[in-house]
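This report refers to the structure that appears directly beneath it.
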Amino acid sequence: MVALTATVVGTLIAASFAGSYGWLLAALALAGIGQALANPATNVLVRARVPAPADGDAIGYKQAGVQVSALLSGLVLPAVAAAHGWQWALRVSAAAALVVAATIPWVRAPAPHPAPPKRPPLPGWLLRLALFCFVLATANAAVATYLPLFAAQDLGYRPRVAGGVLACFGLAGVAGRIWWTRRTARRESRPAALLTPLAALAALSTVPLVLATLPHLGALVWAGALGVGSFAVAAYAIAMLDVVRNTTTGTGRASGVVSVGFFLGFAVGPVSFGLVADHAGYRAAWSAVAAVLVLATVAGLPFRRV
């Protein structure tokens, strides 16, 4: 956790001084390395310190933190950027990471466990879960990245209102992750059994985004932000709960495998969406997101039988 926050603070500050697009990309790539440490570290803490069914609440709250950041980013950073420039918006983000770093001494680390004598092979269900998270994140990252740009560029919203759309997405994600993980933690079936229904509901939630591209229907973007935030964002928290519940050894390693799928989707999603939007418009791009979420629904079907 110390390494994570130190990396994020350093790279955000470096990005704020970027003098070229290449420099900006390099700084953000380093930030991604720090961010990748988040779920393995926190999942190990939850597994060691929180018994079931309270682990559902713990996973829900920690994963909701990601969406709290989206909420605060949407509310605060557009105003800072409009008043003082995007560089200062990044520096405000770095200051927020410093506040997080100040809380780390109060985190109770788990007692060290001896390493297993032999690293077991990865189970098939874990690889399938990583595949599901890859497909899900491809759509999720596209929505999170392009909602405010779509609202500003295509719907003509002012920057602060466009940021409000992202904040709406973040608020729905907070509520969705907490509610669904709490509900799932008390079920007898495996948490992953809920992945297909959540992905299907997320796919349906893209319909308002497609319709928002039509004349006089732009206000539907708010409904799309609420729907995708409530369901697609929650599904990743459910996947993390499944890892914590069903990994007998090596929770950090298993979390890392699933995170690899998730972050690969985060790399693919925004670039692909941007290409489609540039060449065919936002209606085609949102339709492509819907198709990807249908694929995620299919990818989650094996877990309906567990």
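If you're wondering about the labels, chains in the structure tokens are A, B, ... by order shown, residues count from 1 in each chain, ligands from 1 in order shown.
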Members of range 121-273 of chain A assigned helix (DSSP H, G or I) by DSSP, as an MDAnalysis selection string: chainID A and resid 124:153 159:185 191:205 207:211 220:246 251:273
At a cut-off of 8 Å, using only C-alpha atoms, what residues contact range 120-127 of chain A? Leave out same-chain residues fewer than 6 positions from it and give the result as a PyMOL selection string. chain A and resi 243+254+257-258
Please identify all polymer residues within 8 Å of Gly164 in chain A, counting only C-alpha atoms, omitting same-chain residues fewer than 5 positions from it, and present them as a PyMOL selection string. chain A and resi 74-75+148
Using only C-alpha atoms, which protein or nucleic acid residues come within 7 Å of range 57-60 of chain A? Drop anything in the same chain fewer than 6 positions from it, and give the result as a ChimeraX atom specification. /A:46,177-178,181-182,237,241
Restricting it to N, CA and C atoms, dump the selection as a compact mmCIF listing (two decimals), in the first residue's frame.
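Produced file result10.txt, reproduced below:
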# COMPACT_ATOMS: atom_id res chain seq x y z
N VAL A 46 -8.21 -8.46 3.61
CA VAL A 46 -9.58 -8.90 3.90
C VAL A 46 -9.60 -10.39 4.23
N ARG A 177 -21.84 -1.38 -5.69
CA ARG A 177 -20.83 -2.29 -5.14
C ARG A 177 -21.15 -2.66 -3.69
N ILE A 178 -21.57 -1.69 -2.91
CA ILE A 178 -21.90 -2.00 -1.51
C ILE A 178 -23.14 -2.87 -1.41
N THR A 181 -22.55 -6.59 -3.10
CA THR A 181 -21.65 -7.47 -2.34
C THR A 181 -22.28 -7.87 -1.01
N ARG A 182 -22.97 -6.95 -0.37
CA ARG A 182 -23.65 -7.30 0.89
C ARG A 182 -24.73 -8.34 0.66
N ALA A 237 -16.59 -6.01 -8.28
CA ALA A 237 -16.53 -6.23 -6.84
C ALA A 237 -16.96 -7.65 -6.49
N LEU A 241 -14.84 -10.57 -4.54
CA LEU A 241 -15.37 -11.34 -3.41
C LEU A 241 -15.25 -12.83 -3.67
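Considering only C-alpha atoms, the residue among A:Ser73, A:Ser255, A:Thr184, A:Ser16 positioned nearest to Ala167 in chain A is A:Ser73.
Comparing A:Ala79, A:Ala54, A:Leu293, A:Ala94 by their smallest distance to Ala162 in chain A, the closest is A:Ala79 (using only C-alpha atoms).
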Given the choices A:Val135, A:Leu214, A:Val68, A:Val268, which gets closest to Ala172 in chain A if the distance is worked out from only C-alpha atoms?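 Of A:Val135, A:Leu214, A:Val68, A:Val268, the one nearest Ala172 in chain A is A:Val68, counting only C-alpha atoms.
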At what distance in Å, to one decimal, does CA of Ser259 in chain A lie from CA of Trp179 in chain A?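 Taking CA of Trp179 in chain A as the start and CA of Ser259 in chain A as the end point, the length is 21.9 Å.
Closest approach to Trp88 in chain A from the set A:Leu12, A:Ala27, A:Ala267, A:Ala48 is made by A:Leu12, with distances taken over only C-alpha atoms.
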Give me the residues near range 224-228 of chain A as a list of chain:residue names, where near means some atom within 6 Å (using only C-alpha atoms) and where sequence neighbours in that chain fewer than 6 positions away do not count.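 Residues near the query, excluding close chain neighbours: A:Phe169, A:Ala172, A:Ala202, A:Ser205, A:Thr206, A:Pro208, A:Leu209.
Minimum atom-to-atom distances from A:Ser69, A:Ala296, A:Ala142, A:Asp55 to Leu275 in chain A were compared using only C-alpha atoms, and the lowest value belongs to A:Ala142.
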Contact residues around Val244 in chain A with only C-alpha atoms at 8 Å, ignoring same-chain residues under 5 positions, as a PyMOL selection string: chain A and resi 43-44+46-47+251
Quick one: of A:Val298, A:Ala234, A:Ala200, A:Val92, who's nearest to Gly176 in chain A, counting only C-alpha atoms?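 Comparing A:Val298, A:Ala234, A:Ala200, A:Val92 against Gly176 in chain A, the winner is A:Ala234.
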